[in-house]
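Undergrad: As input, take upload-v6.cif (mmCIF, C-alpha atoms and all ligand atoms):
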```
data_query
loop_
_atom_site.group_PDB
_atom_site.id
_atom_site.type_symbol
_atom_site.label_atom_id
_atom_site.label_comp_id
_atom_site.auth_asym_id
_atom_site.auth_seq_id
_atom_site.Cartn_x
_atom_site.Cartn_y
_atom_site.Cartn_z
ATOM 1 C CA MET A 1 23.299 2.417 0.540
ATOM 2 C CA ALA A 2 19.971 1.015 1.669
ATOM 3 C CA GLU A 3 16.824 2.422 0.102
ATOM 4 C CA TRP A 4 14.523 4.364 2.478
ATOM 5 C CA PHE A 5 11.812 1.701 2.330
ATOM 6 C CA GLU A 6 14.261 -0.988 3.494
ATOM 7 C CA THR A 7 14.932 0.732 6.820
ATOM 8 C CA TRP A 8 11.936 2.918 7.757
ATOM 9 C CA PHE A 9 9.247 0.291 8.314
ATOM 10 C CA ASP A 10 10.193 -0.885 11.789
ATOM 11 C CA GLU A 11 9.057 -0.451 15.441
ATOM 12 C CA THR A 12 9.390 3.339 15.205
ATOM 13 C CA TYR A 13 7.054 3.453 12.190
ATOM 14 C CA LEU A 14 4.454 1.449 14.127
ATOM 15 C CA ALA A 15 4.851 3.562 17.271
ATOM 16 C CA LEU A 16 4.544 6.868 15.421
ATOM 17 C CA TYR A 17 1.425 5.928 13.430
ATOM 18 C CA PRO A 18 -0.875 4.135 15.912
ATOM 19 C CA GLN A 19 -3.937 5.445 14.016
ATOM 20 C CA ARG A 20 -3.074 3.074 11.160
ATOM 21 C CA ASP A 21 -4.957 0.443 13.094
ATOM 22 C CA GLU A 22 -7.328 -2.526 12.952
ATOM 23 C CA GLU A 23 -10.430 -0.336 12.695
ATOM 24 C CA GLU A 24 -9.136 1.423 9.577
ATOM 25 C CA ALA A 25 -8.140 -1.973 8.167
ATOM 26 C CA GLU A 26 -11.617 -3.383 8.806
ATOM 27 C CA HIS A 27 -13.142 -0.491 6.829
ATOM 28 C CA ALA A 28 -10.807 -1.241 3.941
ATOM 29 C CA ALA A 29 -11.674 -4.966 4.081
ATOM 30 C CA GLU A 30 -15.409 -4.162 4.066
ATOM 31 C CA LEU A 31 -14.908 -2.007 0.976
ATOM 32 C CA ILE A 32 -12.887 -4.736 -0.755
ATOM 33 C CA GLU A 33 -15.602 -7.271 0.030
ATOM 34 C CA ARG A 34 -18.172 -4.975 -1.610
ATOM 35 C CA LEU A 35 -15.913 -4.459 -4.637
ATOM 36 C CA VAL A 36 -15.415 -8.189 -5.155
ATOM 37 C CA GLY A 37 -19.167 -8.753 -4.893
ATOM 38 C CA HIS A 38 -20.273 -12.242 -5.849
ATOM 39 C CA ARG A 39 -17.066 -13.194 -7.617
ATOM 40 C CA ARG A 40 -15.561 -16.362 -6.214
ATOM 41 C CA VAL A 41 -12.171 -15.824 -4.554
ATOM 42 C CA ASP A 42 -10.033 -18.826 -3.586
ATOM 43 C CA ARG A 43 -6.831 -17.110 -2.530
ATOM 44 C CA VAL A 44 -5.952 -13.524 -1.556
ATOM 45 C CA LEU A 45 -2.548 -11.829 -1.508
ATOM 46 C CA ASP A 46 -2.016 -8.815 0.754
ATOM 47 C CA LEU A 47 0.963 -7.317 -1.063
ATOM 48 C CA ALA A 48 3.111 -5.215 1.304
ATOM 49 C CA CYS A 49 1.097 -6.445 4.287
ATOM 50 C CA GLY A 50 3.240 -4.705 6.929
ATOM 51 C CA ALA A 51 2.168 -5.695 10.444
ATOM 52 C CA GLY A 52 -0.747 -7.624 8.982
ATOM 53 C CA ARG A 53 -3.739 -5.502 9.998
ATOM 54 C CA HIS A 54 -5.436 -6.001 6.609
ATOM 55 C CA SER A 55 -4.300 -9.622 6.237
ATOM 56 C CA ARG A 56 -6.127 -10.479 9.448
ATOM 57 C CA ALA A 57 -9.322 -8.705 8.352
ATOM 58 C CA LEU A 58 -9.156 -10.341 4.908
ATOM 59 C CA ALA A 59 -8.436 -13.780 6.406
ATOM 60 C CA GLU A 60 -11.791 -13.590 8.170
ATOM 61 C CA ARG A 61 -13.365 -13.521 4.703
ATOM 62 C CA TRP A 62 -11.053 -15.574 2.446
ATOM 63 C CA TRP A 63 -7.882 -17.666 2.560
ATOM 64 C CA THR A 64 -5.177 -14.972 2.692
ATOM 65 C CA ALA A 65 -1.394 -14.749 2.480
ATOM 66 C CA GLY A 66 0.769 -11.665 3.032
ATOM 67 C CA LEU A 67 4.098 -10.545 1.635
ATOM 68 C CA ASP A 68 6.347 -7.796 2.953
ATOM 69 C CA LEU A 69 9.985 -6.778 2.974
ATOM 70 C CA SER A 70 10.158 -5.756 6.640
ATOM 71 C CA GLU A 71 11.203 -8.596 8.944
ATOM 72 C CA VAL A 72 10.262 -6.417 11.938
ATOM 73 C CA LEU A 73 6.688 -5.803 10.779
ATOM 74 C CA LEU A 74 6.260 -9.436 9.727
ATOM 75 C CA ALA A 75 7.310 -10.553 13.234
ATOM 76 C CA VAL A 76 4.615 -8.274 14.715
ATOM 77 C CA ALA A 77 2.074 -9.713 12.264
ATOM 78 C CA ARG A 78 3.041 -13.309 13.108
ATOM 79 C CA GLN A 79 2.697 -12.617 16.820
ATOM 80 C CA ALA A 80 -0.848 -11.318 16.320
ATOM 81 C CA ASP A 81 -1.866 -14.196 14.041
ATOM 82 C CA ALA A 82 0.215 -17.315 13.595
ATOM 83 C CA ALA A 83 -2.234 -18.902 11.148
ATOM 84 C CA THR A 84 -2.006 -16.513 8.174
ATOM 85 C CA PRO A 85 0.937 -17.426 5.905
ATOM 86 C CA LEU A 86 3.328 -14.483 5.663
ATOM 87 C CA VAL A 87 6.277 -14.376 3.320
ATOM 88 C CA ARG A 88 9.298 -12.105 3.421
ATOM 89 C CA GLY A 89 10.062 -10.846 -0.064
ATOM 90 C CA ASP A 90 10.421 -7.931 -2.418
ATOM 91 C CA MET A 91 7.167 -7.089 -4.175
ATOM 92 C CA ARG A 92 9.049 -6.520 -7.423
ATOM 93 C CA VAL A 93 9.733 -10.266 -7.697
ATOM 94 C CA LEU A 94 6.839 -12.324 -6.417
ATOM 95 C CA PRO A 95 7.616 -15.873 -5.278
ATOM 96 C CA PHE A 96 4.304 -17.257 -6.523
ATOM 97 C CA ALA A 97 3.223 -19.261 -9.557
ATOM 98 C CA ASP A 98 1.211 -17.674 -12.385
ATOM 99 C CA ALA A 99 -2.511 -17.156 -11.690
ATOM 100 C CA THR A 100 -2.276 -18.139 -8.005
ATOM 101 C CA PHE A 101 -4.606 -15.479 -6.578
ATOM 102 C CA GLY A 102 -8.201 -14.452 -7.185
ATOM 103 C CA LEU A 103 -7.641 -11.171 -5.358
ATOM 104 C CA VAL A 104 -4.462 -9.128 -4.861
ATOM 105 C CA VAL A 105 -4.528 -5.974 -2.740
ATOM 106 C CA ASN A 106 -1.857 -3.327 -2.266
ATOM 107 C CA LEU A 107 -3.122 -1.071 0.489
ATOM 108 C CA PHE A 108 -2.415 2.263 2.081
ATOM 109 C CA THR A 109 0.120 3.688 -0.383
ATOM 110 C CA SER A 110 2.479 0.726 -0.483
ATOM 111 C CA PHE A 111 3.411 1.653 -4.047
ATOM 112 C CA GLY A 112 5.474 4.384 -5.721
ATOM 113 C CA TYR A 113 8.638 3.791 -3.688
ATOM 114 C CA PHE A 114 11.141 3.042 -6.425
ATOM 115 C CA ASP A 115 13.564 5.172 -8.448
ATOM 116 C CA SER A 116 12.366 4.323 -11.920
ATOM 117 C CA ASP A 117 8.912 4.164 -13.462
ATOM 118 C CA GLY A 118 9.923 0.875 -15.077
ATOM 119 C CA GLU A 119 10.187 -0.764 -11.642
ATOM 120 C CA HIS A 120 6.619 0.308 -10.888
ATOM 121 C CA SER A 121 5.201 -0.917 -14.160
ATOM 122 C CA ASP A 122 7.149 -4.187 -13.806
ATOM 123 C CA LEU A 123 5.689 -4.629 -10.327
ATOM 124 C CA ILE A 124 2.152 -4.264 -11.666
ATOM 125 C CA ARG A 125 3.023 -6.751 -14.400
ATOM 126 C CA GLU A 126 4.091 -9.156 -11.642
ATOM 127 C CA VAL A 127 0.699 -8.634 -9.993
ATOM 128 C CA GLY A 128 -0.902 -9.360 -13.363
ATOM 129 C CA ARG A 129 1.136 -12.547 -13.649
ATOM 130 C CA VAL A 130 0.053 -13.933 -10.249
ATOM 131 C CA THR A 131 -3.622 -12.911 -10.619
ATOM 132 C CA ALA A 132 -5.955 -15.493 -12.152
ATOM 133 C CA SER A 133 -8.105 -14.548 -15.129
ATOM 134 C CA GLY A 134 -11.285 -12.900 -13.801
ATOM 135 C CA GLY A 135 -9.471 -12.040 -10.565
ATOM 136 C CA THR A 136 -9.331 -8.602 -8.943
ATOM 137 C CA PHE A 137 -6.495 -6.202 -8.133
ATOM 138 C CA VAL A 138 -7.113 -3.342 -5.695
ATOM 139 C CA LEU A 139 -4.439 -0.640 -5.733
ATOM 140 C CA ASP A 140 -5.060 1.787 -2.862
ATOM 141 C CA TYR A 141 -2.979 4.845 -3.599
ATOM 142 C CA LEU A 142 -2.853 8.498 -2.606
ATOM 143 C CA ASN A 143 -4.539 11.242 -4.637
ATOM 144 C CA ALA A 144 -1.365 12.785 -6.053
ATOM 145 C CA ASP A 145 -3.088 15.865 -7.536
ATOM 146 C CA LEU A 146 -4.723 16.755 -4.232
ATOM 147 C CA LEU A 147 -1.515 16.152 -2.306
ATOM 148 C CA SER A 148 0.445 18.438 -4.650
ATOM 149 C CA ARG A 149 -2.237 21.150 -4.654
ATOM 150 C CA GLU A 150 -2.672 21.201 -0.889
ATOM 151 C CA LEU A 151 0.773 20.207 0.301
ATOM 152 C CA ILE A 152 1.229 20.732 4.035
ATOM 153 C CA PRO A 153 4.944 21.569 4.215
ATOM 154 C CA TYR A 154 5.185 21.308 8.001
ATOM 155 C CA ASP A 155 3.128 19.877 10.810
ATOM 156 C CA GLU A 156 3.556 18.633 14.348
ATOM 157 C CA SER A 157 1.557 15.989 16.162
ATOM 158 C CA THR A 158 1.896 14.052 19.388
ATOM 159 C CA SER A 159 2.072 10.292 19.522
ATOM 160 C CA ASP A 160 3.269 8.061 22.302
ATOM 161 C CA LYS A 161 4.107 11.273 24.294
ATOM 162 C CA ARG A 162 6.548 12.272 21.553
ATOM 163 C CA VAL A 163 6.219 15.337 19.346
ATOM 164 C CA ILE A 164 6.508 14.239 15.729
ATOM 165 C CA VAL A 165 7.590 16.772 13.159
ATOM 166 C CA GLN A 166 6.751 16.095 9.501
ATOM 167 C CA ARG A 167 8.230 18.158 6.679
ATOM 168 C CA ARG A 168 6.968 17.574 3.162
ATOM 169 C CA SER A 169 8.329 18.752 -0.153
ATOM 170 C CA ILE A 170 7.811 18.028 -3.817
ATOM 171 C CA SER A 171 10.782 17.455 -6.096
ATOM 172 C CA GLU A 172 11.540 20.172 -8.650
ATOM 173 C CA ASP A 173 10.310 17.957 -11.477
ATOM 174 C CA GLY A 174 7.044 17.420 -9.560
ATOM 175 C CA LEU A 175 7.421 13.644 -9.696
ATOM 176 C CA TYR A 176 8.049 12.723 -6.039
ATOM 177 C CA VAL A 177 6.839 13.826 -2.620
ATOM 178 C CA THR A 178 9.335 13.441 0.194
ATOM 179 C CA LYS A 179 8.298 13.387 3.837
ATOM 180 C CA ARG A 180 10.997 13.883 6.479
ATOM 181 C CA ILE A 181 9.886 12.674 9.869
ATOM 182 C CA SER A 182 11.688 13.505 13.102
ATOM 183 C CA ILE A 183 10.953 13.368 16.796
ATOM 184 C CA LYS A 184 11.566 16.540 18.802
ATOM 185 C CA GLY A 185 14.605 16.158 21.035
ATOM 186 C CA GLU A 186 15.946 13.210 19.038
ATOM 187 C CA GLU A 187 18.491 13.356 16.269
ATOM 188 C CA ARG A 188 17.169 10.584 14.078
ATOM 189 C CA GLU A 189 15.316 11.464 10.900
ATOM 190 C CA PHE A 190 13.212 9.129 8.776
ATOM 191 C CA VAL A 191 12.367 9.609 5.140
ATOM 192 C CA GLU A 192 9.448 8.495 2.990
ATOM 193 C CA ARG A 193 9.516 9.196 -0.719
ATOM 194 C CA VAL A 194 6.627 8.390 -3.007
ATOM 195 C CA ARG A 195 6.208 8.854 -6.741
ATOM 196 C CA LEU A 196 3.247 11.100 -7.587
ATOM 197 C CA PHE A 197 1.483 9.019 -10.207
ATOM 198 C CA SER A 198 -1.620 10.473 -11.846
ATOM 199 C CA ARG A 199 -4.815 8.492 -12.266
ATOM 200 C CA ALA A 200 -4.102 8.111 -16.001
ATOM 201 C CA GLU A 201 -0.586 6.771 -15.339
ATOM 202 C CA LEU A 202 -1.829 4.194 -12.821
ATOM 203 C CA GLN A 203 -4.672 3.198 -15.088
ATOM 204 C CA GLY A 204 -2.235 2.833 -18.011
ATOM 205 C CA MET A 205 0.107 0.574 -16.020
ATOM 206 C CA MET A 206 -2.787 -1.625 -14.914
ATOM 207 C CA THR A 207 -4.182 -1.870 -18.440
ATOM 208 C CA ASP A 208 -0.736 -2.809 -19.830
ATOM 209 C CA ALA A 209 -0.442 -5.514 -17.154
ATOM 210 C CA GLY A 210 -3.669 -7.182 -18.279
ATOM 211 C CA PHE A 211 -6.271 -5.520 -16.057
ATOM 212 C CA ASP A 212 -9.472 -3.754 -17.103
ATOM 213 C CA VAL A 213 -9.898 -0.904 -14.644
ATOM 214 C CA THR A 214 -13.544 -1.178 -13.628
ATOM 215 C CA SER A 215 -13.751 1.569 -11.017
ATOM 216 C CA VAL A 216 -11.740 4.235 -9.241
ATOM 217 C CA ILE A 217 -12.824 4.840 -5.651
ATOM 218 C CA GLY A 218 -11.950 7.981 -3.666
ATOM 219 C CA ASN A 219 -12.288 6.845 -0.079
ATOM 220 C CA TYR A 220 -12.851 3.817 2.136
ATOM 221 C CA ASP A 221 -16.562 4.711 2.280
ATOM 222 C CA GLY A 222 -16.723 3.537 -1.354
ATOM 223 C CA SER A 223 -17.467 6.917 -2.987
ATOM 224 C CA GLN A 224 -16.258 7.479 -6.545
ATOM 225 C CA ALA A 225 -12.911 9.292 -6.917
ATOM 226 C CA GLY A 226 -13.088 13.027 -7.590
ATOM 227 C CA ASP A 227 -10.614 15.917 -7.587
ATOM 228 C CA ASP A 228 -10.818 16.286 -3.812
ATOM 229 C CA SER A 229 -10.935 12.634 -2.760
ATOM 230 C CA PRO A 230 -8.318 11.671 -0.192
ATOM 231 C CA ARG A 231 -7.531 8.334 -1.851
ATOM 232 C CA MET A 232 -7.301 6.914 -5.338
ATOM 233 C CA ILE A 233 -8.297 3.253 -5.173
ATOM 234 C CA LEU A 234 -8.129 1.559 -8.568
ATOM 235 C CA VAL A 235 -9.980 -1.683 -9.054
ATOM 236 C CA GLY A 236 -8.950 -3.926 -11.933
ATOM 237 C CA THR A 237 -10.261 -7.185 -13.318
ATOM 238 C CA ARG A 238 -7.697 -9.531 -14.863
ATOM 239 C CA ARG A 239 -8.522 -10.243 -18.492
HETATM 240 C C1 LIG A 301 2.833 2.280 4.260
HETATM 241 S S1 LIG A 301 3.265 0.660 4.757
HETATM 242 C C2 LIG A 301 1.701 -0.142 4.640
HETATM 243 C C3 LIG A 301 1.649 -1.508 5.251
HETATM 244 C C4 LIG A 301 0.260 -2.150 5.243
HETATM 245 N N1 LIG A 301 -0.258 -2.314 3.892
HETATM 246 C C5 LIG A 301 -0.685 -1.334 6.091
HETATM 247 O O1 LIG A 301 -1.512 -0.609 5.533
HETATM 248 O O2 LIG A 301 -0.577 -1.410 7.313
HETATM 249 C C6 LIG A 301 4.184 0.062 3.354
HETATM 250 C C7 LIG A 301 4.678 -1.354 3.477
HETATM 251 O O3 LIG A 301 5.385 -1.676 2.269
HETATM 252 C C8 LIG A 301 6.460 -2.539 2.619
HETATM 253 N N2 LIG A 301 7.443 -2.508 1.535
HETATM 254 C C9 LIG A 301 8.202 -1.460 1.158
HETATM 255 N N3 LIG A 301 8.953 -1.791 0.109
HETATM 256 C C10 LIG A 301 8.693 -3.073 -0.166
HETATM 257 C C11 LIG A 301 9.156 -3.979 -1.156
HETATM 258 N N4 LIG A 301 10.068 -3.615 -2.070
HETATM 259 N N5 LIG A 301 8.658 -5.228 -1.164
HETATM 260 C C12 LIG A 301 7.733 -5.620 -0.248
HETATM 261 N N6 LIG A 301 7.253 -4.800 0.713
HETATM 262 C C13 LIG A 301 7.721 -3.548 0.747
HETATM 263 C C14 LIG A 301 6.960 -1.965 3.922
HETATM 264 O O4 LIG A 301 7.783 -2.855 4.620
HETATM 265 C C15 LIG A 301 5.646 -1.616 4.612
HETATM 266 O O5 LIG A 301 5.193 -2.678 5.389
#
```
Represent the supplied structure as structure tokens.
TA:
Amino acid sequence: MAEWFETWFDETYLALYPQRDEEEAEHAAELIERLVGHRRVDRVLDLACGAGRHSRALAERWWTAGLDLSEVLLAVARQADAATPLVRGDMRVLPFADATFGLVVNLFTSFGYFDSDGEHSDLIREVGRVTASGGTFVLDYLNADLLSRELIPYDESTSDKRVIVQRRSISEDGLYVTKRISIKGEEREFVERVRLFSRAELQGMMTDAGFDVTSVIGNYDGSQAGDDSPRMILVGTRR
């Protein structure tokens, strides 16, 4: 059976989350630019680029390529910008030579999707392999502690004149959050399931993959991460 992340990221995903837009992506790109500072960056990889909103913002600053599994989202990205190279692939096995990129970004919780922790640590090792020494990795992840503490089990919102129902639950072992998304009046249900990694676990995986974690940011405004920050954005420098 297909994994949830192989089927969910399609036209419905884009239609239901229109707020995940260019403006939000521009804020993220501005933050990344500040984080990189004066370091020279020749090539950027937007890992799990989706419909390419960040790839386009990054390409205005540096040479950028994107990689994603979803053919549907890649087609949307290519229509918006034919110039940025976009590759279809699985982020667990990157089709790039060692030390290709000076900056790799994985944005908006595009991590934590797999069944085993080993797949996640292997993925970060792959990022370490394709990042040049002195290069930067930005892992933009959710704040798992906050999400668990303040879980919203049910909410409804309207998008595209459809009422979207979201039900969230945490697995008994506390390791995964599952979001079930449905549209009122329609039978289909979509599922997102993300591993709830702590800051220490993420930091450990990055360190093992050859990165020194230089800062942990809590929001796209660049503030430091704290207990109540919405995001957990880890910034690593490749040793
Ligand atoms: C939450 S979306 C974020 C997309 C994009 N970063 C953004 O912020 O608009 C997660 C993305 O991860 C991609 N993805 C999921 N599993 C993947 C995998 N194994 N390899 C590559 N991409 C994957 C999905 O297709 C989707 O585009």
Undergrad: Residues within 6 Å of ligand LIG 301 (chain A), counting only C-alpha atoms and all ligand atoms: report them as a PyMOL selection string.
TA: chain A and resi 5+9+48-51+53+68-70+89-91+107-110
Undergrad: Would you kindly translate the PyMOL selection byres (((chain A and resi 47) around 6) and not hetatm) into the concrete residues it picks from this file, as a list in words?
TA: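 Selected by the PyMOL selection byres (((chain A and resi 47) around 6) and not hetatm) in this file: Leu45, Asp46, Ala48, Cys49, Gly66, Leu67, Val105 and Asn106 of chain A.
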Undergrad: I'd like a table as a tab-separated table: residues in stretch 76-135 of chain A with an atom no more than 10 Å from stretch 162-178 of chain A, each row giving the shortest atom pair and its distance in Å to one decimal, all atoms listed in the file counted, sorted by chain and rising residue number.
TA:
```
residue	atom	partner	partner_atom	distance
A:Gly112	CA	A:Tyr176	CA	8.7
A:Tyr113	CA	A:Tyr176	CA	9.3
A:Asp115	CA	A:Tyr176	CA	9.7
```
Undergrad: Would you compute the distance between atom CA of A:Gln203 and atom CA of A:Arg129? Give it in Å to one decimal.
TA: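 Interatomic distance, atom CA of A:Gln203 to atom CA of A:Arg129: 16.8 Å.
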Undergrad: Which residues match the PyMOL selection byres (((chain A and resi 43) around 9) and not hetatm) in the file above, as a list in words?
TA: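 Taken over the shown coordinates, the PyMOL selection byres (((chain A and resi 43) around 9) and not hetatm) returns Val41, Asp42, Val44, Leu45, Trp62, Trp63, Thr64, Ala65, Thr100, Phe101, Gly102, Leu103 and Val104 of chain A.
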Undergrad: Measure the distance from atom CA of A:Phe190 to atom CA of A:Trp8 in Å and round it to one decimal.
TA: 6.4 Å
